[in-house]
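Pasted below: target-v4.txt, compact mmCIF, C-alpha atoms.
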```txt
# COMPACT_ATOMS: atom_id res chain seq x y z
CA MET A 1 -24.01 229.47 55.44
CA ARG A 2 -27.18 228.60 57.29
CA THR A 3 -27.48 225.19 58.92
CA PRO A 4 -30.66 223.36 57.88
CA ARG A 5 -33.20 223.08 60.68
CA HIS A 6 -33.24 219.25 60.72
CA LEU A 7 -29.43 219.11 60.85
CA ALA A 8 -29.38 221.52 63.77
CA ARG A 9 -31.74 219.27 65.67
CA ALA A 10 -29.54 216.24 64.96
CA ILE A 11 -26.44 218.03 66.24
CA ALA A 12 -28.29 219.04 69.41
CA VAL A 13 -29.42 215.46 70.05
CA ALA A 14 -25.89 214.14 69.46
CA ALA A 15 -24.47 216.68 71.90
CA ALA A 16 -26.99 215.65 74.54
CA LEU A 17 -26.24 211.96 74.06
CA ALA A 18 -22.53 212.63 74.40
CA THR A 19 -23.08 213.75 77.98
CA ILE A 20 -24.58 210.35 78.98
CA PRO A 21 -21.91 207.84 80.07
CA PRO A 22 -21.98 204.51 78.23
CA VAL A 23 -23.06 201.33 80.05
CA ALA A 24 -19.46 200.14 80.29
CA ALA A 25 -18.54 203.39 82.02
CA ALA A 26 -21.48 203.15 84.41
CA TYR A 27 -20.59 199.55 85.36
CA PRO A 28 -16.92 199.22 84.37
CA THR A 29 -16.32 195.68 85.71
CA SER A 30 -19.43 194.29 87.43
CA PRO A 31 -22.99 195.17 88.49
CA PRO A 32 -23.49 197.27 91.62
CA ALA A 33 -23.01 195.62 95.02
CA ALA A 34 -26.75 195.59 95.68
CA GLN A 35 -27.38 193.77 92.41
CA GLN A 36 -24.58 191.29 93.13
CA GLN A 37 -26.08 190.57 96.55
CA THR A 38 -29.51 189.98 95.01
CA GLN A 39 -28.03 187.52 92.50
CA GLN A 40 -26.08 185.72 95.24
CA GLU A 41 -29.18 185.41 97.43
CA ALA A 42 -31.14 184.02 94.49
CA ARG A 43 -28.47 181.36 93.94
CA GLN A 44 -28.48 180.46 97.64
CA GLN A 45 -32.27 180.19 97.76
CA ALA A 46 -32.47 178.02 94.63
CA PRO A 47 -33.30 174.46 95.71
CA LEU A 48 -30.50 171.95 95.42
CA PRO A 49 -31.22 169.16 92.91
CA ARG A 50 -32.46 166.06 94.73
CA ALA A 51 -30.17 163.04 94.64
CA VAL A 52 -31.96 160.11 92.99
CA SER A 53 -29.22 157.47 93.23
CA LEU A 54 -25.51 156.91 93.68
CA VAL A 55 -23.78 154.47 91.35
CA GLY A 56 -20.19 154.04 92.46
CA THR A 57 -19.20 157.69 92.84
CA ASP A 58 -21.57 159.00 90.15
CA LEU A 59 -24.35 160.95 91.84
CA ARG A 60 -27.53 160.97 89.74
CA LEU A 61 -29.71 164.04 90.31
CA SER A 62 -33.30 164.90 89.49
CA GLY A 63 -33.62 166.38 86.04
CA GLY A 64 -31.15 163.92 84.54
CA GLN A 65 -27.97 165.56 85.82
CA SER A 66 -25.00 163.51 87.00
CA ILE A 67 -21.90 164.58 88.91
CA ARG A 68 -18.82 162.72 90.07
CA LEU A 69 -18.27 162.87 93.83
CA PRO A 70 -14.87 164.20 94.91
CA ARG A 71 -12.21 161.80 96.20
CA ALA A 72 -12.75 163.10 99.75
CA ALA A 73 -16.22 161.51 99.71
CA GLY A 74 -14.55 158.11 99.97
CA ARG A 75 -14.07 155.06 97.76
CA ALA A 76 -17.43 153.40 98.47
CA PRO A 77 -19.91 156.06 99.66
CA VAL A 78 -23.55 155.25 100.42
CA LEU A 79 -26.16 157.90 99.70
CA LEU A 80 -28.41 158.91 102.61
CA GLY A 81 -30.10 161.91 101.02
CA THR A 82 -30.23 165.57 100.05
CA VAL A 83 -30.00 168.45 102.52
CA ARG A 84 -30.05 172.22 102.10
CA LYS A 85 -26.28 172.53 101.75
CA GLY A 86 -25.43 169.37 99.84
CA TRP A 87 -25.73 165.60 99.94
CA VAL A 88 -25.14 163.34 102.94
CA VAL A 89 -23.25 160.08 102.46
CA ALA A 90 -22.04 157.33 104.75
CA SER A 91 -18.48 156.47 103.81
CA GLY A 92 -15.81 154.47 105.58
CA SER A 93 -16.03 155.21 109.29
CA THR A 94 -17.85 158.56 109.03
CA PHE A 95 -20.91 160.41 107.79
CA ARG A 96 -19.95 163.18 105.37
CA LEU A 97 -21.55 166.24 103.79
CA VAL A 98 -20.66 166.70 100.12
CA ARG A 99 -21.16 170.31 99.06
CA PRO A 100 -22.03 171.43 95.50
CA ASN A 101 -18.65 173.20 95.23
CA GLY A 102 -16.84 169.87 95.65
CA THR A 103 -15.72 170.27 99.26
CA VAL A 104 -16.47 167.59 101.85
CA ARG A 105 -17.04 167.98 105.59
CA THR A 106 -17.01 165.14 108.12
CA ILE A 107 -20.17 165.10 110.24
CA LYS A 108 -19.75 162.25 112.73
CA GLY A 109 -18.35 158.77 113.13
CA ARG A 110 -20.41 155.70 112.19
CA ASP A 111 -21.18 152.64 114.30
CA GLN A 112 -18.85 149.93 113.01
CA ILE A 113 -18.83 147.76 116.12
CA ASN A 114 -22.39 146.56 116.75
CA LEU A 115 -24.65 144.23 114.78
CA TYR A 116 -27.54 144.97 112.40
CA VAL A 117 -26.63 148.64 112.02
CA SER A 118 -29.12 150.77 110.08
CA GLU A 119 -28.57 154.38 108.98
CA SER A 120 -30.99 156.94 107.59
CA LEU A 121 -31.56 160.64 107.04
CA SER A 122 -34.67 162.23 108.52
CA ASP A 123 -37.32 163.48 106.10
CA ASP A 124 -36.55 167.11 106.95
CA GLY A 125 -32.83 166.57 106.25
CA ARG A 126 -31.77 167.78 109.71
CA ARG A 127 -30.87 164.54 111.49
CA ILE A 128 -28.96 161.31 110.87
CA VAL A 129 -30.44 158.33 112.70
CA SER A 130 -28.39 155.20 113.34
CA ALA A 131 -29.52 152.12 115.22
CA ALA A 132 -27.87 148.84 116.13
CA LEU A 133 -28.07 145.72 118.28
CA ASP A 134 -25.16 145.42 120.70
CA GLN A 135 -23.60 142.28 122.12
CA GLY A 136 -26.01 142.30 125.06
CA ASP A 137 -29.12 142.26 122.84
CA THR A 138 -29.83 145.92 123.55
CA PHE A 139 -31.18 147.94 120.63
CA ASN A 140 -29.50 151.36 120.62
CA VAL A 141 -30.68 154.45 118.75
CA ARG A 142 -28.51 157.53 118.21
CA VAL A 143 -29.59 160.78 116.52
CA VAL A 144 -27.06 163.41 115.43
CA ASP A 145 -27.51 166.75 113.71
CA LEU A 146 -25.54 167.81 110.65
CA HIS A 147 -22.91 169.44 112.86
CA GLY A 148 -22.17 166.10 114.51
CA LYS A 149 -23.87 166.84 117.83
CA VAL A 150 -25.69 163.92 119.45
CA VAL A 151 -29.19 165.30 120.08
CA TYR A 152 -30.88 162.10 121.23
CA ARG A 153 -29.89 158.66 122.46
CA ASP A 154 -32.06 155.78 123.69
CA TRP A 155 -32.19 152.00 123.94
CA PHE A 156 -34.59 149.05 124.11
CA GLU A 157 -33.84 146.06 126.33
CA GLY A 158 -34.90 142.72 124.88
CA LEU A 159 -36.98 144.23 122.05
CA LEU A 160 -35.96 143.74 118.44
CA VAL A 161 -37.15 146.90 116.69
CA GLU A 162 -35.97 148.95 113.73
CA VAL A 163 -36.04 152.57 112.66
CA MET A 164 -38.99 153.17 110.34
CA ASP A 165 -39.09 156.94 109.78
CA ALA A 166 -37.96 160.24 111.27
CA ASP A 167 -39.01 163.85 110.86
CA ASP A 168 -39.35 167.10 112.81
CA GLY A 169 -37.48 165.89 115.90
CA GLU A 170 -39.30 162.56 116.15
CA VAL A 171 -38.04 159.06 115.37
CA TYR A 172 -40.43 156.15 114.86
CA VAL A 173 -39.12 152.67 115.68
CA GLY A 174 -41.18 149.52 115.55
CA GLY A 175 -41.44 145.79 115.05
CA ARG A 176 -43.44 142.85 116.35
CA ASN A 177 -43.93 144.56 119.71
CA GLY A 178 -45.57 147.66 118.29
CA LEU A 179 -44.55 151.18 117.38
CA PHE A 180 -42.70 153.73 119.53
CA VAL A 181 -42.01 157.41 118.96
CA LEU A 182 -38.82 158.96 120.32
CA ASP A 183 -39.22 162.69 120.91
CA GLU A 184 -36.03 164.73 120.79
CA ALA A 185 -37.57 167.82 122.44
CA THR A 186 -38.85 166.00 125.52
CA ALA A 187 -36.29 163.15 125.51
CA SER A 188 -39.23 160.76 125.86
CA LYS A 189 -40.14 157.35 124.45
CA THR A 190 -43.84 156.59 123.93
CA ARG A 191 -45.56 153.47 122.60
CA VAL A 192 -48.19 154.60 120.08
CA LEU A 193 -49.23 151.18 118.73
CA ARG A 194 -49.24 147.70 120.24
CA ARG A 195 -49.87 145.88 116.99
CA PRO A 196 -46.92 144.46 114.99
CA THR A 197 -45.60 147.20 112.71
CA ALA A 198 -43.77 146.78 109.39
CA LEU A 199 -43.51 150.26 107.85
CA VAL A 200 -44.17 153.91 108.69
CA ASP A 201 -44.44 156.73 106.16
CA LEU A 202 -44.94 160.03 107.98
CA GLU A 203 -45.33 162.11 104.84
CA HIS A 204 -48.43 160.19 103.78
CA ASP A 205 -49.75 159.30 107.27
CA VAL A 206 -49.39 155.57 106.61
CA VAL A 207 -48.46 152.71 108.92
CA PHE A 208 -48.44 149.02 107.95
CA VAL A 209 -49.70 146.82 110.79
CA GLY A 210 -50.31 143.13 111.36
CA THR A 211 -52.05 141.15 114.08
CA ARG A 212 -50.71 139.26 117.08
CA LYS A 213 -51.67 135.95 115.47
CA ARG A 214 -50.36 136.88 112.02
CA PRO A 215 -47.68 139.55 112.48
CA TRP A 216 -46.17 138.82 109.06
CA ARG A 217 -49.41 139.66 107.22
CA THR A 218 -49.61 143.46 107.18
CA GLY A 219 -51.63 146.21 105.55
CA PRO A 220 -51.84 150.02 105.54
CA THR A 221 -53.87 152.22 107.85
CA SER A 222 -53.70 155.81 109.08
CA LEU A 223 -50.98 156.58 111.61
CA ALA A 224 -53.00 159.46 113.06
CA ALA A 225 -56.15 157.32 113.46
CA PRO A 226 -55.21 153.62 113.16
CA GLY A 227 -57.95 151.26 112.09
CA THR A 228 -58.34 147.93 110.32
CA PRO A 229 -56.38 147.74 107.05
CA ARG A 230 -58.50 147.38 103.93
CA TRP A 231 -56.06 144.83 102.54
CA ARG A 232 -53.06 142.79 103.72
CA SER A 233 -50.08 141.04 102.18
CA THR A 234 -47.41 138.64 103.40
CA ALA A 235 -44.71 140.58 101.54
CA THR A 236 -42.70 143.01 103.68
CA PRO A 237 -43.30 146.62 102.58
CA VAL A 238 -40.13 148.58 101.77
CA ALA A 239 -41.25 152.07 100.73
CA VAL A 240 -44.31 154.09 99.74
CA SER A 241 -43.97 155.96 96.44
CA PRO A 242 -43.26 159.73 96.67
CA GLY A 243 -46.79 160.57 95.55
CA GLY A 244 -48.39 158.09 97.93
CA SER A 245 -50.00 156.01 95.16
CA TYR A 246 -48.11 152.72 95.51
CA VAL A 247 -46.14 150.59 97.94
CA LEU A 248 -43.08 148.57 96.97
CA SER A 249 -42.36 145.30 98.81
CA ASP A 250 -39.30 143.13 99.31
CA ASP A 251 -40.51 140.47 96.86
CA GLY A 252 -40.52 143.03 94.04
CA THR A 253 -44.28 143.55 93.97
CA VAL A 254 -45.76 147.01 93.47
CA ARG A 255 -49.30 147.41 94.81
CA ALA A 256 -51.82 150.24 94.78
CA LEU A 257 -51.81 151.70 98.27
CA ASP A 258 -55.55 152.27 98.47
CA ASP A 259 -56.79 148.77 97.58
CA GLY A 260 -53.74 146.47 97.39
CA ARG A 261 -54.19 145.77 93.69
CA LEU A 262 -51.04 144.21 92.17
CA VAL A 263 -49.67 146.72 89.66
CA ARG A 264 -46.43 145.06 88.56
CA ARG A 265 -43.37 143.08 89.63
CA VAL A 266 -39.76 144.21 89.41
CA PRO A 267 -36.83 141.78 89.06
CA THR A 268 -35.57 140.73 92.49
CA ALA A 269 -34.25 137.30 93.34
CA GLY A 270 -35.74 137.17 96.82
CA PRO A 271 -36.45 139.02 100.07
CA ARG A 272 -34.22 141.77 101.39
CA ASP A 273 -32.95 139.88 104.42
CA GLY A 274 -31.81 137.06 102.13
CA GLY A 275 -29.15 139.29 100.61
CA ALA A 276 -30.72 139.25 97.16
CA PHE A 277 -30.41 143.00 96.89
CA GLU A 278 -29.05 145.90 98.90
CA PHE A 279 -31.37 148.59 97.58
CA LEU A 280 -34.91 148.68 96.28
CA GLY A 281 -36.78 151.96 96.16
CA TRP A 282 -38.32 154.78 94.19
CA ALA A 283 -36.85 157.25 91.71
CA SER A 284 -40.25 158.93 91.34
CA ASP A 285 -43.91 158.05 91.78
CA ARG A 286 -43.82 156.21 88.45
CA ARG A 287 -40.39 154.57 88.50
CA VAL A 288 -38.79 151.90 90.69
CA LEU A 289 -35.03 151.46 91.07
CA VAL A 290 -33.50 148.15 92.11
CA GLU A 291 -29.93 146.95 92.49
CA THR A 292 -29.11 143.73 90.67
CA THR A 293 -25.83 141.99 89.93
CA ALA A 294 -24.03 140.71 86.84
CA GLY A 295 -20.84 138.89 87.74
CA LYS A 296 -18.74 141.26 89.85
CA ARG A 297 -20.63 144.33 88.74
CA ARG A 298 -23.58 145.92 90.49
CA LEU A 299 -26.30 147.24 88.23
CA LEU A 300 -28.98 149.84 88.81
CA THR A 301 -32.15 148.80 87.00
CA SER A 302 -35.05 151.18 86.39
CA CYS A 303 -38.62 149.88 85.99
CA PRO A 304 -41.56 152.11 85.02
CA VAL A 305 -44.84 151.86 86.92
CA PRO A 306 -47.45 150.61 86.19
CA ARG A 307 -45.95 148.90 83.14
CA GLY A 308 -43.02 149.04 80.76
CA ILE A 309 -39.62 147.52 80.09
CA CYS A 310 -37.02 147.52 82.87
CA ARG A 311 -33.66 148.90 81.75
CA VAL A 312 -30.17 149.02 83.25
CA VAL A 313 -29.32 152.67 83.92
CA GLY A 314 -26.05 152.28 85.84
CA SER A 315 -23.17 149.87 86.37
CA THR A 316 -20.30 149.84 88.85
CA ARG A 317 -17.85 147.64 90.73
CA GLY A 318 -18.49 149.83 93.75
CA ARG A 319 -21.77 150.38 95.55
CA VAL A 320 -25.24 151.26 94.38
CA SER A 321 -27.47 153.21 96.78
CA LEU A 322 -30.68 155.21 96.95
CA PRO A 323 -31.78 157.96 99.37
CA THR A 324 -33.23 156.47 102.54
CA SER A 325 -36.38 158.57 102.16
CA HIS A 326 -37.21 156.57 99.02
CA ALA A 327 -35.79 153.16 99.94
CA GLY A 328 -35.78 152.80 103.72
CA PRO A 329 -32.73 152.78 106.04
CA PHE A 330 -29.38 151.56 104.77
CA LEU A 331 -28.46 148.26 106.39
CA GLN A 332 -24.73 147.87 106.88
CA PRO A 333 -23.41 144.61 105.35
```
Let's see the structure in the file written out as structure tokens.
Amino acid sequence: MRTPRHLARAIAVAAALATIPPVAAAYPTSPPAAQQQTQQEARQQAPLPRAVSLVGTDLRLSGGQSIRLPRAAGRAPVLLGTVRKGWVVASGSTFRLVRPNGTVRTIKGRDQINLYVSESLSDDGRRIVSAALDQGDTFNVRVVDLHGKVVYRDWFEGLLVEVMDADDGEVYVGGRNGLFVLDEATASKTRVLRRPTALVDLEHDVVFVGTRKRPWRTGPTSLAAPGTPRWRSTATPVAVSPGGSYVLSDDGTVRALDDGRLVRRVPTAGPRDGGAFEFLGWASDRRVLVETTAGKRRLLTSCPVPRGICRVVGSTRGRVSLPTSHAGPFLQP
């Protein structure tokens, strides 16, 4: 019996296909090593979600995600910011790195002896800056890297200053006696402004300055080329918005950075140094976060900018904190 021509072709094709191993046989358990390495590198290079706030031990991330910090992060951690390998918190007597896989590594001990201790993470996420006033009225500044190594240490005799910003190996400290830059590479301290200084934002080249006669009345000018501010306010500036459009002050006012126009007010009971709130800062360029209280609970309230209804977005009996890049240094109670 003769096999039809079309059937012969089908048999030939089937025989040829039978010689090709199936996908499961080619990769019986997993992709090739080269492909696995490529996937692993892609995961490592993917940016870590930025921490927006910490309510108790619930870490709120950009994009609306929320994760619970592991027990090793401590009972009352304070968020300093996001780094390449995780999130940095100040907890108990130490600074700690919380990794995405849930492990925690101690970085360095905190200053729990001196007065007026402030703590912050540099804008590049490479340094932790702590400053304090000791019993002899000496203002001390210590800078450590994420491995716990002290990379810079300095002090100011008889000058009450505070850390205002840090990035790329430089720390800016200032106050009524002007602005100084501490350079890690050269171990030097240089006065860059003699006018009273209230706030520095390196990312947007902004410094808020006053005058000798009215140091409490400050306004923004360029840090690279300081001039006369176009507007001034008696409110103490806390933080410039991430996009550089607004500035948030300790009385709850939000003003346009370019002309000082009042945009809105957020609910605060009084100035920061009066203990009315621990944290006031930015979630994004269009949203302010502020800590308020209700009985024994601490609330995180979110207020849209320029207008809209403020809403409670978090509640805890623990601490509420924001990254220092968006709210200024953390001031130890």
Worksheet entry | Distance in Å - atom CA of A:Ala166 versus atom CA of A:Leu300 |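 Between these atoms lies a distance of 26.3 Å.
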Worksheet item: Which one of A:Val240, A:Leu223, A:Ile309, A:Leu289 sits closest to A:Val55 if you count all atoms listed in the file?
Response: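 Of A:Val240, A:Leu223, A:Ile309, A:Leu289, the one nearest A:Val55 is A:Leu289, counting all atoms listed in the file.
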Fill in: Atomic distance atom CA of A:Val83 - atom CA of A:Trp282, expressed in Å with one decimal
18.0 Å
Worksheet item: Quick one, how far is atom CA of A:Gly74 from atom CA of A:Gly92?
Response: 6.8 Å
Worksheet entry | Who sits within 7 Å of stretch 188-193 of chain A, all atoms listed in the file, same chain under 3 positions skipped, as a PyMOL selection string | chain A and resi 178-183
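With distances taken from (-40.2, 154.8, 107.4) and restricted to all atoms listed in the file, the residues inside 6 Å are Met164, Asp165, Leu199, Val200 and Asp201 of chain A.
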Practice prompt. Please provide as a PyMOL selection string all residues within 8 Å of A:Ile128, with the sequence filter that same-chain residues fewer than 5 positions apart are discarded (counting all atoms listed in the file).
Written response: chain A and resi 119-122+143-146
Item to complete: Go through A:Leu48, A:Val247, A:Ala185, A:Val129 one by one, measure the shortest atom-to-atom distance of each to A:Glu162 using only C-alpha atoms, and give the residue with the smallest value.
Response: A:Val129
Discussion item. Taking all atoms listed in the file into account, name the residue in A:Val88, A:Ser315, A:Leu97, A:Ala283 that is nearest to A:Gly295.
Written reply: A:Ser315
Worksheet entry | Contact residues around A:Gly148 with all atoms listed in the file at 9 Å, ignoring same-chain residues under 5 positions, as a VMD selection string | chain A and resid 95 106 to 109
Only C-alpha atoms, please: the residues just picked out, written as a PDB file, keeping the file's coordinate frame.
```pdb
ATOM      1  CA  PHE A  95     -20.910 160.410 107.790  1.00  0.00           C
ATOM      2  CA  THR A 106     -17.010 165.140 108.120  1.00  0.00           C
ATOM      3  CA  ILE A 107     -20.170 165.100 110.240  1.00  0.00           C
ATOM      4  CA  LYS A 108     -19.750 162.250 112.730  1.00  0.00           C
ATOM      5  CA  GLY A 109     -18.350 158.770 113.130  1.00  0.00           C
TER       6      GLY A 109
END
```
Practice prompt. Would you mind telling me which residue in A:Ala239, A:Leu69, A:Ala90, A:Val104 lies nearest to A:Phe330 when using only C-alpha atoms?
Written response: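 Answer, going by the shortest atom-to-atom distance: A:Ala90.
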Fill in: Nearest to A:Ser249, chosen from A:Pro306, A:Gly125, A:Gly219, A:Pro226, with all atoms listed in the file counted in the distances
A:Gly219
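The closest residue to A:Gly210, picked from A:Arg230, A:Arg176, A:Arg319, A:Lys85 and counting only C-alpha atoms, is A:Arg176.
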Regenerate stretch 61-80 of chain A at the level of N, CA, C and O atoms and dump it as a tab-separated table (two decimals), in the frame of the given file.
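Output below, filename result_27.tsv:
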```tsv
chain	number	residue	atom	x	y	z
A	61	LEU	N	-28.83	163.03	89.75
A	61	LEU	CA	-29.71	164.04	90.31
A	61	LEU	C	-31.02	164.11	89.54
A	61	LEU	O	-31.11	163.66	88.39
A	62	SER	N	-32.03	164.69	90.18
A	62	SER	CA	-33.30	164.90	89.49
A	62	SER	C	-33.07	165.82	88.31
A	62	SER	O	-32.25	166.73	88.36
A	63	GLY	N	-33.81	165.58	87.25
A	63	GLY	CA	-33.62	166.38	86.04
A	63	GLY	C	-32.62	165.77	85.08
A	63	GLY	O	-32.33	166.35	84.04
A	64	GLY	N	-32.06	164.60	85.45
A	64	GLY	CA	-31.15	163.92	84.54
A	64	GLY	C	-29.69	164.30	84.68
A	64	GLY	O	-28.85	163.79	83.94
A	65	GLN	N	-29.36	165.18	85.63
A	65	GLN	CA	-27.97	165.56	85.82
A	65	GLN	C	-27.19	164.45	86.51
A	65	GLN	O	-27.76	163.61	87.21
A	66	SER	N	-25.88	164.47	86.34
A	66	SER	CA	-25.00	163.51	87.00
A	66	SER	C	-23.68	164.19	87.31
A	66	SER	O	-23.13	164.89	86.45
A	67	ILE	N	-23.19	164.01	88.54
A	67	ILE	CA	-21.90	164.58	88.91
A	67	ILE	C	-21.05	163.51	89.57
A	67	ILE	O	-21.56	162.56	90.16
A	68	ARG	N	-19.75	163.64	89.45
A	68	ARG	CA	-18.82	162.72	90.07
A	68	ARG	C	-18.43	163.26	91.45
A	68	ARG	O	-17.99	164.39	91.57
A	69	LEU	N	-18.62	162.43	92.48
A	69	LEU	CA	-18.27	162.87	93.83
A	69	LEU	C	-16.76	163.03	93.95
A	69	LEU	O	-15.99	162.28	93.34
A	70	PRO	N	-16.31	164.01	94.74
A	70	PRO	CA	-14.87	164.20	94.91
A	70	PRO	C	-14.24	163.03	95.67
A	70	PRO	O	-14.93	162.27	96.36
A	71	ARG	N	-12.93	162.91	95.56
A	71	ARG	CA	-12.21	161.80	96.20
A	71	ARG	C	-12.42	161.80	97.71
A	71	ARG	O	-12.44	160.75	98.35
A	72	ALA	N	-12.58	162.99	98.29
A	72	ALA	CA	-12.75	163.10	99.75
A	72	ALA	C	-14.05	162.48	100.23
A	72	ALA	O	-14.23	162.27	101.43
A	73	ALA	N	-14.97	162.16	99.31
A	73	ALA	CA	-16.22	161.51	99.71
A	73	ALA	C	-16.02	160.04	100.02
A	73	ALA	O	-16.91	159.39	100.58
A	74	GLY	N	-14.85	159.50	99.66
A	74	GLY	CA	-14.55	158.11	99.97
A	74	GLY	C	-14.63	157.21	98.75
A	74	GLY	O	-15.16	157.59	97.70
A	75	ARG	N	-14.11	156.00	98.89
A	75	ARG	CA	-14.07	155.06	97.76
A	75	ARG	C	-15.40	154.35	97.54
A	75	ARG	O	-15.71	153.98	96.41
A	76	ALA	N	-16.16	154.13	98.61
A	76	ALA	CA	-17.43	153.40	98.47
A	76	ALA	C	-18.52	154.10	99.27
A	76	ALA	O	-19.05	153.55	100.24
A	77	PRO	N	-18.89	155.32	98.90
A	77	PRO	CA	-19.91	156.06	99.66
A	77	PRO	C	-21.30	155.47	99.46
A	77	PRO	O	-21.60	154.89	98.43
A	78	VAL	N	-22.14	155.65	100.48
A	78	VAL	CA	-23.55	155.25	100.42
A	78	VAL	C	-24.39	156.50	100.58
A	78	VAL	O	-24.19	157.29	101.51
A	79	LEU	N	-25.32	156.71	99.68
A	79	LEU	CA	-26.16	157.90	99.70
A	79	LEU	C	-27.23	157.79	100.78
A	79	LEU	O	-27.96	156.80	100.85
A	80	LEU	N	-27.32	158.83	101.63
A	80	LEU	CA	-28.41	158.91	102.61
A	80	LEU	C	-29.49	159.89	102.16
A	80	LEU	O	-30.67	159.67	102.41
```
